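Quick look at run_28.pdb (PDB, C-alpha atoms):
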MODEL        1
ATOM      1  CA  MET A   1       0.000   0.000   0.000  1.00  0.00           C
ATOM      2  CA  THR A   2       1.392   3.360  -0.972  1.00  0.00           C
ATOM      3  CA  LYS A   3       1.547   6.322   1.391  1.00  0.00           C
ATOM      4  CA  ALA A   4      -1.185   8.089  -0.621  1.00  0.00           C
ATOM      5  CA  GLU A   5      -3.450   5.018  -0.425  1.00  0.00           C
ATOM      6  CA  ARG A   6      -2.866   4.741   3.323  1.00  0.00           C
ATOM      7  CA  GLU A   7      -3.711   8.421   3.828  1.00  0.00           C
ATOM      8  CA  LEU A   8      -6.886   8.067   1.765  1.00  0.00           C
ATOM      9  CA  LEU A   9      -7.952   4.994   3.742  1.00  0.00           C
ATOM     10  CA  LEU A  10      -7.256   6.783   7.013  1.00  0.00           C
ATOM     11  CA  LYS A  11      -9.366   9.759   5.925  1.00  0.00           C
ATOM     12  CA  ALA A  12     -12.211   7.427   4.938  1.00  0.00           C
ATOM     13  CA  LEU A  13     -12.086   5.627   8.300  1.00  0.00           C
ATOM     14  CA  GLU A  14     -12.065   8.923  10.194  1.00  0.00           C
ATOM     15  CA  PHE A  15     -14.956  10.224   8.095  1.00  0.00           C
ATOM     16  CA  TYR A  16     -17.026   7.099   8.839  1.00  0.00           C
ATOM     17  CA  ARG A  17     -16.229   7.371  12.555  1.00  0.00           C
ATOM     18  CA  ASP A  18     -17.130  11.063  12.655  1.00  0.00           C
ATOM     19  CA  GLU A  19     -20.331  10.708  10.637  1.00  0.00           C
ATOM     20  CA  ARG A  20     -21.562   7.949  12.943  1.00  0.00           C
ATOM     21  CA  LYS A  21     -20.406   9.979  15.994  1.00  0.00           C
ATOM     22  CA  LEU A  22     -18.737   6.833  17.299  1.00  0.00           C
ATOM     23  CA  SER A  23     -16.099   8.707  19.264  1.00  0.00           C
ATOM     24  CA  ASP A  24     -18.919  10.225  21.351  1.00  0.00           C
ATOM     25  CA  LEU A  25     -19.481   6.875  23.069  1.00  0.00           C
ATOM     26  CA  PRO A  26     -18.055   6.481  26.578  1.00  0.00           C
ATOM     27  CA  GLN A  27     -14.789   4.592  27.061  1.00  0.00           C
ATOM     28  CA  ASP A  28     -13.652   2.374  29.901  1.00  0.00           C
ATOM     29  CA  ASP A  29     -10.269   2.515  31.660  1.00  0.00           C
ATOM     30  CA  ASP A  30      -8.728   0.454  28.841  1.00  0.00           C
ATOM     31  CA  TYR A  31     -10.051   2.927  26.226  1.00  0.00           C
ATOM     32  CA  ALA A  32     -12.588   0.442  24.865  1.00  0.00           C
ATOM     33  CA  TYR A  33     -15.842   2.001  23.733  1.00  0.00           C
ATOM     34  CA  PHE A  34     -19.063   0.756  25.265  1.00  0.00           C
ATOM     35  CA  ASP A  35     -22.770   1.482  25.103  1.00  0.00           C
ATOM     36  CA  TYR A  36     -25.753   0.929  27.347  1.00  0.00           C
ATOM     37  CA  ASN A  37     -28.544  -1.640  26.935  1.00  0.00           C
ATOM     38  CA  ASP A  38     -32.181  -0.645  27.245  1.00  0.00           C
ATOM     39  CA  ASP A  39     -32.035  -1.559  30.925  1.00  0.00           C
ATOM     40  CA  GLY A  40     -29.001   0.690  31.502  1.00  0.00           C
ATOM     41  CA  THR A  41     -26.314  -1.980  31.780  1.00  0.00           C
ATOM     42  CA  ILE A  42     -22.997  -1.554  30.000  1.00  0.00           C
ATOM     43  CA  THR A  43     -22.499  -3.543  26.804  1.00  0.00           C
ATOM     44  CA  TYR A  44     -19.605  -3.889  24.418  1.00  0.00           C
ATOM     45  CA  ASN A  45     -21.789  -5.805  21.950  1.00  0.00           C
ATOM     46  CA  SER A  46     -23.986  -3.054  20.550  1.00  0.00           C
ATOM     47  CA  THR A  47     -23.508  -2.193  16.902  1.00  0.00           C
ATOM     48  CA  ASP A  48     -22.151   1.234  17.800  1.00  0.00           C
ATOM     49  CA  ALA A  49     -19.695  -0.077  20.398  1.00  0.00           C
ATOM     50  CA  ILE A  50     -18.408  -2.759  18.034  1.00  0.00           C
ATOM     51  CA  ASP A  51     -18.046  -0.245  15.196  1.00  0.00           C
ATOM     52  CA  ALA A  52     -16.334   2.301  17.465  1.00  0.00           C
ATOM     53  CA  ASN A  53     -13.805  -0.249  18.698  1.00  0.00           C
ATOM     54  CA  ASN A  54     -13.158  -1.565  15.190  1.00  0.00           C
ATOM     55  CA  MET A  55     -12.685   1.961  13.819  1.00  0.00           C
ATOM     56  CA  SER A  56     -10.330   2.803  16.673  1.00  0.00           C
ATOM     57  CA  ARG A  57      -8.204  -0.269  15.945  1.00  0.00           C
ATOM     58  CA  LEU A  58      -8.141   0.324  12.207  1.00  0.00           C
ATOM     59  CA  ILE A  59      -7.258   3.993  12.579  1.00  0.00           C
ATOM     60  CA  SER A  60      -4.411   3.127  14.928  1.00  0.00           C
ATOM     61  CA  ILE A  61      -3.108   0.512  12.466  1.00  0.00           C
ATOM     62  CA  PHE A  62      -3.068   2.912   9.520  1.00  0.00           C
ATOM     63  CA  SER A  63      -1.890   5.993  11.434  1.00  0.00           C
TER      64      SER A  63
ENDMDL
END

Mind turning this structure into structure tokens?
Amino acid sequence: MTKAERELLLKALEFYRDERKLSDLPQDDDYAYFDYNDDGTITYNSTDAIDANNMSRLISIFS
């Protein structure tokens, strides 16, 4: 992957994260994003929490 391709991919990942407002989710002490279930319990398995953690990992890989 060229530097230009990496930069383009990074911009696309950041755009997706920002459009979904994934970085607005709370994080635990290990910087993992989580969400709350309907009953108010913490979950790492919501679509948003999974996406936020995946985006965070991918952005760190390509940064």

For the structure provided, state which residues fall under the PyMOL selection byres ((chain A and resi 25) around 9), and present them as an MDAnalysis selection string. chainID A and resid 21:24 26:27 33:35 48:49 52

Selection result for the PyMOL selection byres ((chain A and resi 59) around 10) on this file, as a PyMOL selection string: chain A and resi 9-14+17+53-58+60-63

Point-to-point distance in Å for CA of Asp18 in chain A and CA of Ile42 in chain A: 22.2 Å

Given 4 Å of margin on each side, can you work out the centre and size in Å (one decimal) of an axis-aligned box holding every listed atom of range 30-46 of chain A, as JSON?
{"center_x": -20.5, "center_y": -1.4, "center_z": 26.2, "size_x": 31.5, "size_y": 16.7, "size_z": 19.2}

Mind pulling up the distance from CA of Tyr16 in chain A to CA of Asp28 in chain A? 21.8 Å

What's the separation between CA of Asn45 in chain A and CA of Glu7 in chain A, in Å to one decimal place?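 These two atoms are separated by 29.3 Å.
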
Please fill the gaps in range 8-19 of chain A so it has all heavy atoms, and write that as a PDB file, in the coordinates of the input.
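Okay, this is what ended up in part.pdb:
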ATOM      1  N   LEU A   8      -5.501   8.062   2.228  1.00  0.00           N
ATOM      2  CA  LEU A   8      -6.886   8.067   1.765  1.00  0.00           C
ATOM      3  C   LEU A   8      -7.746   7.123   2.611  1.00  0.00           C
ATOM      4  O   LEU A   8      -8.858   7.478   3.014  1.00  0.00           O
ATOM      5  CB  LEU A   8      -6.958   7.676   0.290  1.00  0.00           C
ATOM      6  CG  LEU A   8      -8.334   7.669  -0.344  1.00  0.00           C
ATOM      7  CD1 LEU A   8      -8.949   9.065  -0.303  1.00  0.00           C
ATOM      8  CD2 LEU A   8      -8.243   7.175  -1.777  1.00  0.00           C
ATOM      9  N   LEU A   9      -7.231   5.948   2.896  1.00  0.00           N
ATOM     10  CA  LEU A   9      -7.952   4.994   3.742  1.00  0.00           C
ATOM     11  C   LEU A   9      -8.165   5.566   5.138  1.00  0.00           C
ATOM     12  O   LEU A   9      -9.259   5.468   5.695  1.00  0.00           O
ATOM     13  CB  LEU A   9      -7.197   3.669   3.816  1.00  0.00           C
ATOM     14  CG  LEU A   9      -7.805   2.594   4.720  1.00  0.00           C
ATOM     15  CD1 LEU A   9      -9.226   2.257   4.305  1.00  0.00           C
ATOM     16  CD2 LEU A   9      -6.934   1.360   4.719  1.00  0.00           C
ATOM     17  N   LEU A  10      -7.145   6.186   5.690  1.00  0.00           N
ATOM     18  CA  LEU A  10      -7.256   6.783   7.013  1.00  0.00           C
ATOM     19  C   LEU A  10      -8.317   7.882   7.036  1.00  0.00           C
ATOM     20  O   LEU A  10      -9.138   7.947   7.954  1.00  0.00           O
ATOM     21  CB  LEU A  10      -5.905   7.332   7.455  1.00  0.00           C
ATOM     22  CG  LEU A  10      -5.805   7.881   8.865  1.00  0.00           C
ATOM     23  CD1 LEU A  10      -6.206   6.839   9.890  1.00  0.00           C
ATOM     24  CD2 LEU A  10      -4.406   8.378   9.137  1.00  0.00           C
ATOM     25  N   LYS A  11      -8.348   8.709   6.011  1.00  0.00           N
ATOM     26  CA  LYS A  11      -9.366   9.759   5.925  1.00  0.00           C
ATOM     27  C   LYS A  11     -10.770   9.159   5.831  1.00  0.00           C
ATOM     28  O   LYS A  11     -11.714   9.668   6.429  1.00  0.00           O
ATOM     29  CB  LYS A  11      -9.103  10.675   4.736  1.00  0.00           C
ATOM     30  CG  LYS A  11      -7.961  11.625   4.964  1.00  0.00           C
ATOM     31  CD  LYS A  11      -7.764  12.537   3.771  1.00  0.00           C
ATOM     32  CE  LYS A  11      -6.589  13.460   4.017  1.00  0.00           C
ATOM     33  NZ  LYS A  11      -6.412  14.443   2.964  1.00  0.00           N
ATOM     34  N   ALA A  12     -10.903   8.085   5.076  1.00  0.00           N
ATOM     35  CA  ALA A  12     -12.211   7.427   4.938  1.00  0.00           C
ATOM     36  C   ALA A  12     -12.659   6.829   6.272  1.00  0.00           C
ATOM     37  O   ALA A  12     -13.830   6.948   6.650  1.00  0.00           O
ATOM     38  CB  ALA A  12     -12.145   6.343   3.866  1.00  0.00           C
ATOM     39  N   LEU A  13     -11.750   6.199   6.993  1.00  0.00           N
ATOM     40  CA  LEU A  13     -12.086   5.627   8.300  1.00  0.00           C
ATOM     41  C   LEU A  13     -12.482   6.717   9.289  1.00  0.00           C
ATOM     42  O   LEU A  13     -13.457   6.572  10.027  1.00  0.00           O
ATOM     43  CB  LEU A  13     -10.897   4.839   8.851  1.00  0.00           C
ATOM     44  CG  LEU A  13     -10.530   3.557   8.113  1.00  0.00           C
ATOM     45  CD1 LEU A  13      -9.201   3.009   8.621  1.00  0.00           C
ATOM     46  CD2 LEU A  13     -11.630   2.520   8.238  1.00  0.00           C
ATOM     47  N   GLU A  14     -11.746   7.812   9.298  1.00  0.00           N
ATOM     48  CA  GLU A  14     -12.065   8.923  10.194  1.00  0.00           C
ATOM     49  C   GLU A  14     -13.400   9.563   9.827  1.00  0.00           C
ATOM     50  O   GLU A  14     -14.177   9.936  10.710  1.00  0.00           O
ATOM     51  CB  GLU A  14     -10.949   9.963  10.170  1.00  0.00           C
ATOM     52  CG  GLU A  14      -9.677   9.466  10.836  1.00  0.00           C
ATOM     53  CD  GLU A  14      -8.485  10.371  10.605  1.00  0.00           C
ATOM     54  OE1 GLU A  14      -8.511  11.193   9.653  1.00  0.00           O
ATOM     55  OE2 GLU A  14      -7.515  10.259  11.380  1.00  0.00           O
ATOM     56  N   PHE A  15     -13.682   9.665   8.538  1.00  0.00           N
ATOM     57  CA  PHE A  15     -14.956  10.224   8.095  1.00  0.00           C
ATOM     58  C   PHE A  15     -16.112   9.351   8.575  1.00  0.00           C
ATOM     59  O   PHE A  15     -17.099   9.845   9.116  1.00  0.00           O
ATOM     60  CB  PHE A  15     -14.980  10.352   6.569  1.00  0.00           C
ATOM     61  CG  PHE A  15     -16.294  10.851   6.038  1.00  0.00           C
ATOM     62  CD1 PHE A  15     -16.597  12.197   6.070  1.00  0.00           C
ATOM     63  CD2 PHE A  15     -17.231   9.974   5.505  1.00  0.00           C
ATOM     64  CE1 PHE A  15     -17.812  12.675   5.585  1.00  0.00           C
ATOM     65  CE2 PHE A  15     -18.445  10.427   5.033  1.00  0.00           C
ATOM     66  CZ  PHE A  15     -18.743  11.781   5.068  1.00  0.00           C
ATOM     67  N   TYR A  16     -15.990   8.037   8.390  1.00  0.00           N
ATOM     68  CA  TYR A  16     -17.026   7.099   8.839  1.00  0.00           C
ATOM     69  C   TYR A  16     -17.240   7.223  10.341  1.00  0.00           C
ATOM     70  O   TYR A  16     -18.368   7.312  10.818  1.00  0.00           O
ATOM     71  CB  TYR A  16     -16.624   5.668   8.462  1.00  0.00           C
ATOM     72  CG  TYR A  16     -17.616   4.625   8.911  1.00  0.00           C
ATOM     73  CD1 TYR A  16     -18.769   4.380   8.174  1.00  0.00           C
ATOM     74  CD2 TYR A  16     -17.398   3.875  10.063  1.00  0.00           C
ATOM     75  CE1 TYR A  16     -19.684   3.417   8.584  1.00  0.00           C
ATOM     76  CE2 TYR A  16     -18.300   2.922  10.474  1.00  0.00           C
ATOM     77  CZ  TYR A  16     -19.444   2.693   9.736  1.00  0.00           C
ATOM     78  OH  TYR A  16     -20.338   1.748  10.143  1.00  0.00           O
ATOM     79  N   ARG A  17     -16.139   7.240  11.098  1.00  0.00           N
ATOM     80  CA  ARG A  17     -16.229   7.371  12.555  1.00  0.00           C
ATOM     81  C   ARG A  17     -16.933   8.663  12.953  1.00  0.00           C
ATOM     82  O   ARG A  17     -17.814   8.671  13.806  1.00  0.00           O
ATOM     83  CB  ARG A  17     -14.820   7.350  13.154  1.00  0.00           C
ATOM     84  CG  ARG A  17     -14.797   7.529  14.661  1.00  0.00           C
ATOM     85  CD  ARG A  17     -13.449   7.959  15.172  1.00  0.00           C
ATOM     86  NE  ARG A  17     -13.088   9.249  14.608  1.00  0.00           N
ATOM     87  CZ  ARG A  17     -11.851   9.723  14.566  1.00  0.00           C
ATOM     88  NH1 ARG A  17     -10.855   9.023  15.033  1.00  0.00           N
ATOM     89  NH2 ARG A  17     -11.602  10.905  14.038  1.00  0.00           N
ATOM     90  N   ASP A  18     -16.555   9.763  12.306  1.00  0.00           N
ATOM     91  CA  ASP A  18     -17.130  11.063  12.655  1.00  0.00           C
ATOM     92  C   ASP A  18     -18.593  11.180  12.242  1.00  0.00           C
ATOM     93  O   ASP A  18     -19.401  11.756  12.973  1.00  0.00           O
ATOM     94  CB  ASP A  18     -16.307  12.187  12.027  1.00  0.00           C
ATOM     95  CG  ASP A  18     -14.895  12.257  12.596  1.00  0.00           C
ATOM     96  OD1 ASP A  18     -14.642  11.642  13.653  1.00  0.00           O
ATOM     97  OD2 ASP A  18     -14.045  12.917  11.978  1.00  0.00           O
ATOM     98  N   GLU A  19     -18.940  10.654  11.093  1.00  0.00           N
ATOM     99  CA  GLU A  19     -20.331  10.708  10.637  1.00  0.00           C
ATOM    100  C   GLU A  19     -21.256   9.905  11.546  1.00  0.00           C
ATOM    101  O   GLU A  19     -22.390  10.298  11.788  1.00  0.00           O
ATOM    102  CB  GLU A  19     -20.452  10.189   9.197  1.00  0.00           C
ATOM    103  CG  GLU A  19     -19.979  11.171   8.151  1.00  0.00           C
ATOM    104  CD  GLU A  19     -20.817  12.433   8.114  1.00  0.00           C
ATOM    105  OE1 GLU A  19     -22.043  12.333   7.960  1.00  0.00           O
ATOM    106  OE2 GLU A  19     -20.234  13.532   8.259  1.00  0.00           O
TER     107      GLU A  19
END
